[in-house]
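*Asks:* Have a look at this one.
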Amino acid sequence: MTTLSITGGRVLRPDATVTRADVLVDQDAGEILEIGSDLAGEGNETLDAEGSLVTPGFVNGHCHVAMSLLRGYADDKPLDAWLQEDIWPAEGELTAEDVRTGAELGLLEMIKSGTTAFADMYFDVPEIAAAVEEAGLRARLGHGIVTVAKDDEGARADAETSLEVAREYDGAADGRISTAFMPHSLTTVGTEYLEEFVPKARDAGVPIHYHANETEDEVAPIVEEEGVRPLAYAAERGMLEPEDFVAHGVHVDESEIQLLAEAGTSVIHCPASNMKLASGMAPVQRLRDAGVTVGLGTDGAASNNDLSMLDEARDAAMLGKLAAADAAAVPAEAVAEMMTAGSADAIGLESGRLEEGAPADLAVIDLEKAHLTPRHDLVSHLAYAAAAADVRHTVCDGRVLMRDREVLTLDEAAVRERAQAAAEALSARAGDDE
Ligand SMILES: N[C@@H](CCSC[C@H]1O[C@@H](n2cnc3c(=O)[nH]cnc32)[C@H](O)[C@@H]1O)C(=O)O
Ligand SMILES: [Zn+2]
């Protein structure tokens, strides 16, 4: 057995307490063997966590990682115009190689900001899977289906691709990759395709993930045409099961909150994207009070514009209080839970908690910084004050992905260089290089 010890740190436990402890990891099994004192001499390899907080690796519950290539490409527009006028035309120009390059850039940023697992909806998923395999993270991947503006043949081919990708890649990268069937949203995929393909996804045994109730504009057409709220419509199509998870859930009414709670379907809250596109404020405290599992996600870098879960944590706390008009809403402890175990539960992973037998997915955060002094409450620091650049080490599945801010699985300079060149070529092709 090869072992790794993370020594001298303060460890964030599942009950939100922080204790001084070493962590011993079985690298072959990718599991935490023991959390306790005096384990420093036990590991074949050691990571220094002196003056640092050891947290579960962050779990980004909703992303489009390859969109990192479109960071800053189009800003300051609402969802509909942003997608139709800028993002979809640019995505039409992306090659499979661009998707690979964008994914590597996003994964690099994830490792540098302590994220060890994520859920992702995009196209050219084989490229994303290859990048995940190389980078060493854990992921639930899927091909996003859009059927509007496609003929029947094109629509069905897109849905078939999502099903095939879900079947083929489940369990890839030594089990670090799992999958889901991913209709883009309830308004961009036609009812007939949901009715045909959702049962097939159930037969394949994969969860279903989609954007839901992100903007008012997505709610109104369903209420008008179907006479029911979007999540009731989703439930009628068999898309509200305990393993399923929806992104956003901004404009959900009381009946939909109850529906989610009863179904056991999780919501991934994406506060930065919701603020940037002015989509609205999700009722996060009300969802949590109703017993809904709420995770946290960045969405793509083009609507955020970064993939740091520490930024997302602060945004979630701030926006949650504003939405509830209550400073006690979405407290630091809730945010710490949402960015780790909450997201992991939502997307169906065992990660997100530091305890014996759990997956060895963790991040070590340097506390010896002016903005993290003094140390009254480390959970407070995690939610409100820590930043991506404070992450020292990142470990996933027992493997060190970053040591002392040096990423070991990807060549940082080369990835950045390739991404810059690919983005410039893309702008030229999309015809808007000023
Ligand atoms: N196969 C589909 C692609 C769907 S991938 C998922 C899509 O979600 C888009 N996307 C990114 N962020 C958001 C968001 O916040 N709401 C809705 N869609 C988004 C993203 O640009 C990407 O096109 C097609 O043929 O167009
Ligand atoms: Zn999204």
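As shown in the structure tokens, the chain order sets the letters A, B, ...; within each chain, residues go from 1, and ligands are also counted from 1 in the order they appear.
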What's the 12 Å shell around Leu426 of chain A, counting only C-alpha atoms, without same-chain residues fewer than 4 positions away, as a ChimeraX atom specification?

*Replies:* /A:69-70,73,87,89-95,97-99,101-102,419-422,430-433

*Asks:* Throw together the list of residues within 7 Å of ligand 2, counting only C-alpha atoms and all ligand atoms, and drop it here as a PyMOL selection string.

*Replies:* chain A and resi 62-64+211+247+299-300

*Asks:* For those residues, write N, CA, C and O atoms to a file as a PDB file, in the first residue's frame.

*Replies:*
ATOM      1  N   HIS A  62     -22.302  22.314 -11.206  1.00  0.00           N
ATOM      2  CA  HIS A  62     -22.805  22.610 -12.558  1.00  0.00           C
ATOM      3  C   HIS A  62     -21.808  23.483 -13.307  1.00  0.00           C
ATOM      4  O   HIS A  62     -21.520  24.604 -12.908  1.00  0.00           O
ATOM      5  N   CYS A  63     -21.288  22.951 -14.410  1.00  0.00           N
ATOM      6  CA  CYS A  63     -20.281  23.696 -15.163  1.00  0.00           C
ATOM      7  C   CYS A  63     -20.375  23.358 -16.648  1.00  0.00           C
ATOM      8  O   CYS A  63     -21.055  22.405 -17.044  1.00  0.00           O
ATOM      9  N   HIS A  64     -19.738  24.187 -17.455  1.00  0.00           N
ATOM     10  CA  HIS A  64     -19.484  23.904 -18.867  1.00  0.00           C
ATOM     11  C   HIS A  64     -17.989  24.212 -18.998  1.00  0.00           C
ATOM     12  O   HIS A  64     -17.612  25.321 -19.390  1.00  0.00           O
ATOM     13  N   HIS A 211     -30.919  22.436 -17.092  1.00  0.00           N
ATOM     14  CA  HIS A 211     -31.169  23.782 -16.572  1.00  0.00           C
ATOM     15  C   HIS A 211     -32.669  23.908 -16.337  1.00  0.00           C
ATOM     16  O   HIS A 211     -33.446  23.552 -17.225  1.00  0.00           O
ATOM     17  N   ALA A 247     -29.987  22.560 -12.603  1.00  0.00           N
ATOM     18  CA  ALA A 247     -29.168  23.749 -12.387  1.00  0.00           C
ATOM     19  C   ALA A 247     -30.082  24.959 -12.240  1.00  0.00           C
ATOM     20  O   ALA A 247     -31.107  25.053 -12.929  1.00  0.00           O
ATOM     21  N   ASP A 299     -21.369  27.357 -13.044  1.00  0.00           N
ATOM     22  CA  ASP A 299     -21.817  27.498 -14.425  1.00  0.00           C
ATOM     23  C   ASP A 299     -20.544  27.717 -15.264  1.00  0.00           C
ATOM     24  O   ASP A 299     -19.430  27.565 -14.763  1.00  0.00           O
ATOM     25  N   GLY A 300     -20.659  28.063 -16.528  1.00  0.00           N
ATOM     26  CA  GLY A 300     -19.462  28.221 -17.364  1.00  0.00           C
ATOM     27  C   GLY A 300     -18.726  29.516 -17.079  1.00  0.00           C
ATOM     28  O   GLY A 300     -19.304  30.461 -16.533  1.00  0.00           O
TER      29      GLY A 300
END

*Asks:* Residues within 6 Å of ligand 1 (only C-alpha atoms and all ligand atoms), as a PyMOL selection string?

*Replies:* chain A and resi 87-88+121-123+144-146+184+299-300

*Asks:* Counting only C-alpha atoms, what is within 9 Å of Glu406 of chain A, bar same-chain residues fewer than 3 positions away, as a PDB file with N, CA and C atoms, in the first residue's frame?

*Replies:*
ATOM      1  N   LYS A 112      -6.202  24.649  -9.345  1.00  0.00           N
ATOM      2  CA  LYS A 112      -5.560  25.777  -8.655  1.00  0.00           C
ATOM      3  C   LYS A 112      -6.468  26.420  -7.613  1.00  0.00           C
ATOM      4  N   ARG A 392      -3.024  25.784  -1.381  1.00  0.00           N
ATOM      5  CA  ARG A 392      -1.627  25.322  -1.514  1.00  0.00           C
ATOM      6  C   ARG A 392      -1.533  24.013  -2.266  1.00  0.00           C
ATOM      7  N   HIS A 393      -2.308  23.018  -1.786  1.00  0.00           N
ATOM      8  CA  HIS A 393      -2.243  21.667  -2.371  1.00  0.00           C
ATOM      9  C   HIS A 393      -3.646  21.195  -2.727  1.00  0.00           C
ATOM     10  N   LEU A 401      -2.554  16.476  -7.067  1.00  0.00           N
ATOM     11  CA  LEU A 401      -2.696  17.153  -8.366  1.00  0.00           C
ATOM     12  C   LEU A 401      -1.946  18.478  -8.368  1.00  0.00           C
ATOM     13  N   MET A 402      -1.841  19.094  -7.162  1.00  0.00           N
ATOM     14  CA  MET A 402      -1.070  20.335  -7.031  1.00  0.00           C
ATOM     15  C   MET A 402      -0.328  20.300  -5.699  1.00  0.00           C
ATOM     16  N   ARG A 403       0.982  20.608  -5.764  1.00  0.00           N
ATOM     17  CA  ARG A 403       1.804  20.686  -4.553  1.00  0.00           C
ATOM     18  C   ARG A 403       2.438  22.071  -4.509  1.00  0.00           C
ATOM     19  N   GLU A 412       1.062  23.956 -16.880  1.00  0.00           N
ATOM     20  CA  GLU A 412       0.296  25.196 -16.775  1.00  0.00           C
ATOM     21  C   GLU A 412       0.612  26.190 -17.896  1.00  0.00           C
TER      22      GLU A 412
END

*Asks:* Which of segment 20-136 of chain A end up as strand (DSSP E) when DSSP is run on this backbone - answer as a PyMOL selection string?

*Replies:* chain A and resi 20-26+31-36+45-48+52-56+58-63+115-122

*Asks:* State, in Å with one decimal place, the distance from atom CA of Leu186 of chain A to atom CA of His143 of chain A.

*Replies:*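 Separation of atom CA of Leu186 of chain A and atom CA of His143 of chain A: 15.4 Å.
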
*Asks:* Using only C-alpha atoms, pick whichever of A:Met309, A:Thr298, A:Ala328, A:Leu4 has the shortest atom-to-atom distance to Leu33 of chain A.

*Replies:*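 Closest candidate: A:Leu4.
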
*Asks:* Check the DSSP output for the backbone and give back, as an NGL selection string, the residues of segment 186-215 of chain A in alpha helix (DSSP H).

*Replies:* :A and (191-204)

*Asks:* Limited to N, CA, C and O atoms, could you put the picked residues into a file as a PDB file, in the first residue's frame?

*Replies:*
ATOM      1  N   THR A 191     -40.956  18.521 -26.164  1.00  0.00           N
ATOM      2  CA  THR A 191     -41.630  17.525 -25.314  1.00  0.00           C
ATOM      3  C   THR A 191     -41.515  16.109 -25.873  1.00  0.00           C
ATOM      4  O   THR A 191     -41.265  15.157 -25.130  1.00  0.00           O
ATOM      5  N   GLU A 192     -41.683  15.974 -27.200  1.00  0.00           N
ATOM      6  CA  GLU A 192     -41.660  14.618 -27.782  1.00  0.00           C
ATOM      7  C   GLU A 192     -40.322  13.925 -27.572  1.00  0.00           C
ATOM      8  O   GLU A 192     -40.264  12.708 -27.409  1.00  0.00           O
ATOM      9  N   TYR A 193     -39.245  14.730 -27.548  1.00  0.00           N
ATOM     10  CA  TYR A 193     -37.918  14.119 -27.356  1.00  0.00           C
ATOM     11  C   TYR A 193     -37.704  13.726 -25.894  1.00  0.00           C
ATOM     12  O   TYR A 193     -37.074  12.712 -25.599  1.00  0.00           O
ATOM     13  N   LEU A 194     -38.237  14.531 -24.980  1.00  0.00           N
ATOM     14  CA  LEU A 194     -38.153  14.159 -23.561  1.00  0.00           C
ATOM     15  C   LEU A 194     -38.928  12.861 -23.345  1.00  0.00           C
ATOM     16  O   LEU A 194     -38.452  11.942 -22.671  1.00  0.00           O
ATOM     17  N   GLU A 195     -40.135  12.794 -23.936  1.00  0.00           N
ATOM     18  CA  GLU A 195     -40.974  11.611 -23.720  1.00  0.00           C
ATOM     19  C   GLU A 195     -40.347  10.352 -24.300  1.00  0.00           C
ATOM     20  O   GLU A 195     -40.468   9.276 -23.723  1.00  0.00           O
ATOM     21  N   GLU A 196     -39.632  10.508 -25.396  1.00  0.00           N
ATOM     22  CA  GLU A 196     -38.997   9.333 -26.004  1.00  0.00           C
ATOM     23  C   GLU A 196     -37.706   8.923 -25.280  1.00  0.00           C
ATOM     24  O   GLU A 196     -37.455   7.735 -25.075  1.00  0.00           O
ATOM     25  N   PHE A 197     -36.901   9.907 -24.908  1.00  0.00           N
ATOM     26  CA  PHE A 197     -35.548   9.563 -24.444  1.00  0.00           C
ATOM     27  C   PHE A 197     -35.370   9.452 -22.924  1.00  0.00           C
ATOM     28  O   PHE A 197     -34.461   8.751 -22.470  1.00  0.00           O
ATOM     29  N   VAL A 198     -36.217  10.115 -22.142  1.00  0.00           N
ATOM     30  CA  VAL A 198     -36.064  10.001 -20.683  1.00  0.00           C
ATOM     31  C   VAL A 198     -36.185   8.540 -20.212  1.00  0.00           C
ATOM     32  O   VAL A 198     -35.346   8.073 -19.436  1.00  0.00           O
ATOM     33  N   PRO A 199     -37.189   7.774 -20.712  1.00  0.00           N
ATOM     34  CA  PRO A 199     -37.254   6.359 -20.302  1.00  0.00           C
ATOM     35  C   PRO A 199     -35.991   5.572 -20.700  1.00  0.00           C
ATOM     36  O   PRO A 199     -35.571   4.665 -19.979  1.00  0.00           O
ATOM     37  N   LYS A 200     -35.400   5.936 -21.842  1.00  0.00           N
ATOM     38  CA  LYS A 200     -34.171   5.243 -22.270  1.00  0.00           C
ATOM     39  C   LYS A 200     -33.006   5.546 -21.325  1.00  0.00           C
ATOM     40  O   LYS A 200     -32.173   4.689 -21.055  1.00  0.00           O
ATOM     41  N   ALA A 201     -32.964   6.801 -20.843  1.00  0.00           N
ATOM     42  CA  ALA A 201     -31.919   7.161 -19.879  1.00  0.00           C
ATOM     43  C   ALA A 201     -32.114   6.379 -18.583  1.00  0.00           C
ATOM     44  O   ALA A 201     -31.152   5.918 -17.964  1.00  0.00           O
ATOM     45  N   ARG A 202     -33.366   6.212 -18.168  1.00  0.00           N
ATOM     46  CA  ARG A 202     -33.655   5.414 -16.955  1.00  0.00           C
ATOM     47  C   ARG A 202     -33.178   3.975 -17.144  1.00  0.00           C
ATOM     48  O   ARG A 202     -32.574   3.392 -16.256  1.00  0.00           O
ATOM     49  N   ASP A 203     -33.448   3.422 -18.348  1.00  0.00           N
ATOM     50  CA  ASP A 203     -33.002   2.051 -18.622  1.00  0.00           C
ATOM     51  C   ASP A 203     -31.483   1.954 -18.562  1.00  0.00           C
ATOM     52  O   ASP A 203     -30.936   0.937 -18.146  1.00  0.00           O
ATOM     53  N   ALA A 204     -30.810   3.044 -18.995  1.00  0.00           N
ATOM     54  CA  ALA A 204     -29.338   3.045 -18.971  1.00  0.00           C
ATOM     55  C   ALA A 204     -28.818   3.231 -17.541  1.00  0.00           C
ATOM     56  O   ALA A 204     -27.620   3.086 -17.282  1.00  0.00           O
TER      57      ALA A 204
END

*Asks:* When you look at segment 302-308 of chain A with a cut-off of 8 Å (counting only C-alpha atoms), what residues show up, excluding the ones that are within fewer than 2 positions of it in the same chain? I need them as an MDAnalysis selection string.

*Replies:* chainID A and resid 67:68 70:75 106 109:110 113 115 272:273 276:277 298:300 310:312 387:388

*Asks:* Compile a residue-level contact table for segment 324-378 of chain A against segment 316-319 of chain A at a cut-off of 8 Å, reporting for every qualifying residue the shortest atom pair and its distance in Å to one decimal, with only C-alpha atoms counted, rows ordered by chain and ascending number, as a Markdown table.

*Replies:*
| residue | atom | partner | partner_atom | distance |
| --- | --- | --- | --- | --- |
| A:Ala329 | CA | A:Ala317 | CA | 7.7 |
| A:Val330 | CA | A:Ala317 | CA | 5.3 |
| A:Pro331 | CA | A:Ala317 | CA | 6.3 |
| A:Ala332 | CA | A:Ala317 | CA | 6.9 |
| A:Val335 | CA | A:Ala317 | CA | 6.5 |

*Asks:* I need the chosen residues saved as a PDB file, in the first residue's frame, with N, CA, C and O atoms.

*Replies:*
ATOM      1  N   ALA A 329     -29.814  34.189   7.020  1.00  0.00           N
ATOM      2  CA  ALA A 329     -30.034  33.177   5.972  1.00  0.00           C
ATOM      3  C   ALA A 329     -28.699  32.751   5.357  1.00  0.00           C
ATOM      4  O   ALA A 329     -27.731  33.515   5.336  1.00  0.00           O
ATOM      5  N   VAL A 330     -28.649  31.531   4.851  1.00  0.00           N
ATOM      6  CA  VAL A 330     -27.466  30.947   4.202  1.00  0.00           C
ATOM      7  C   VAL A 330     -26.180  31.324   4.962  1.00  0.00           C
ATOM      8  O   VAL A 330     -25.306  32.015   4.424  1.00  0.00           O
ATOM      9  N   PRO A 331     -26.052  30.852   6.203  1.00  0.00           N
ATOM     10  CA  PRO A 331     -24.866  31.153   7.005  1.00  0.00           C
ATOM     11  C   PRO A 331     -23.621  30.404   6.506  1.00  0.00           C
ATOM     12  O   PRO A 331     -23.725  29.524   5.643  1.00  0.00           O
ATOM     13  N   ALA A 332     -22.473  30.752   7.059  1.00  0.00           N
ATOM     14  CA  ALA A 332     -21.188  30.179   6.625  1.00  0.00           C
ATOM     15  C   ALA A 332     -21.204  28.650   6.633  1.00  0.00           C
ATOM     16  O   ALA A 332     -20.719  28.014   5.697  1.00  0.00           O
ATOM     17  N   VAL A 335     -22.982  27.259   3.661  1.00  0.00           N
ATOM     18  CA  VAL A 335     -22.188  27.414   2.442  1.00  0.00           C
ATOM     19  C   VAL A 335     -21.079  26.360   2.383  1.00  0.00           C
ATOM     20  O   VAL A 335     -20.850  25.737   1.339  1.00  0.00           O
TER      21      VAL A 335
END

*Asks:* Considering only C-alpha atoms, return as JSON, numbers by chain whatever protein or nucleic-acid residues lie within 9 Å of segment 6-10 of chain A, sequence-local ones (same chain, fewer than 2 positions apart) excluded.

*Replies:* {"A": [4, 12, 18, 19, 20, 21, 22, 23, 24, 25, 37, 38, 39, 40, 43, 45, 46, 47, 48, 49, 50, 51, 52, 53, 54, 55, 364]}

*Asks:* Could you please determine the separation between atom CA of Ile128 of chain A and atom CA of Ser178 of chain A in Å, to one decimal place?

*Replies:*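 So the two atoms, atom CA of Ile128 of chain A and atom CA of Ser178 of chain A, lie 12.4 Å apart.
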
*Asks:* Ranking A:Ile257, A:Ile365, A:Ala119, A:Val125 by minimum distance to Ala96 of chain A and counting only C-alpha atoms, which one comes first?

*Replies:* A:Val125
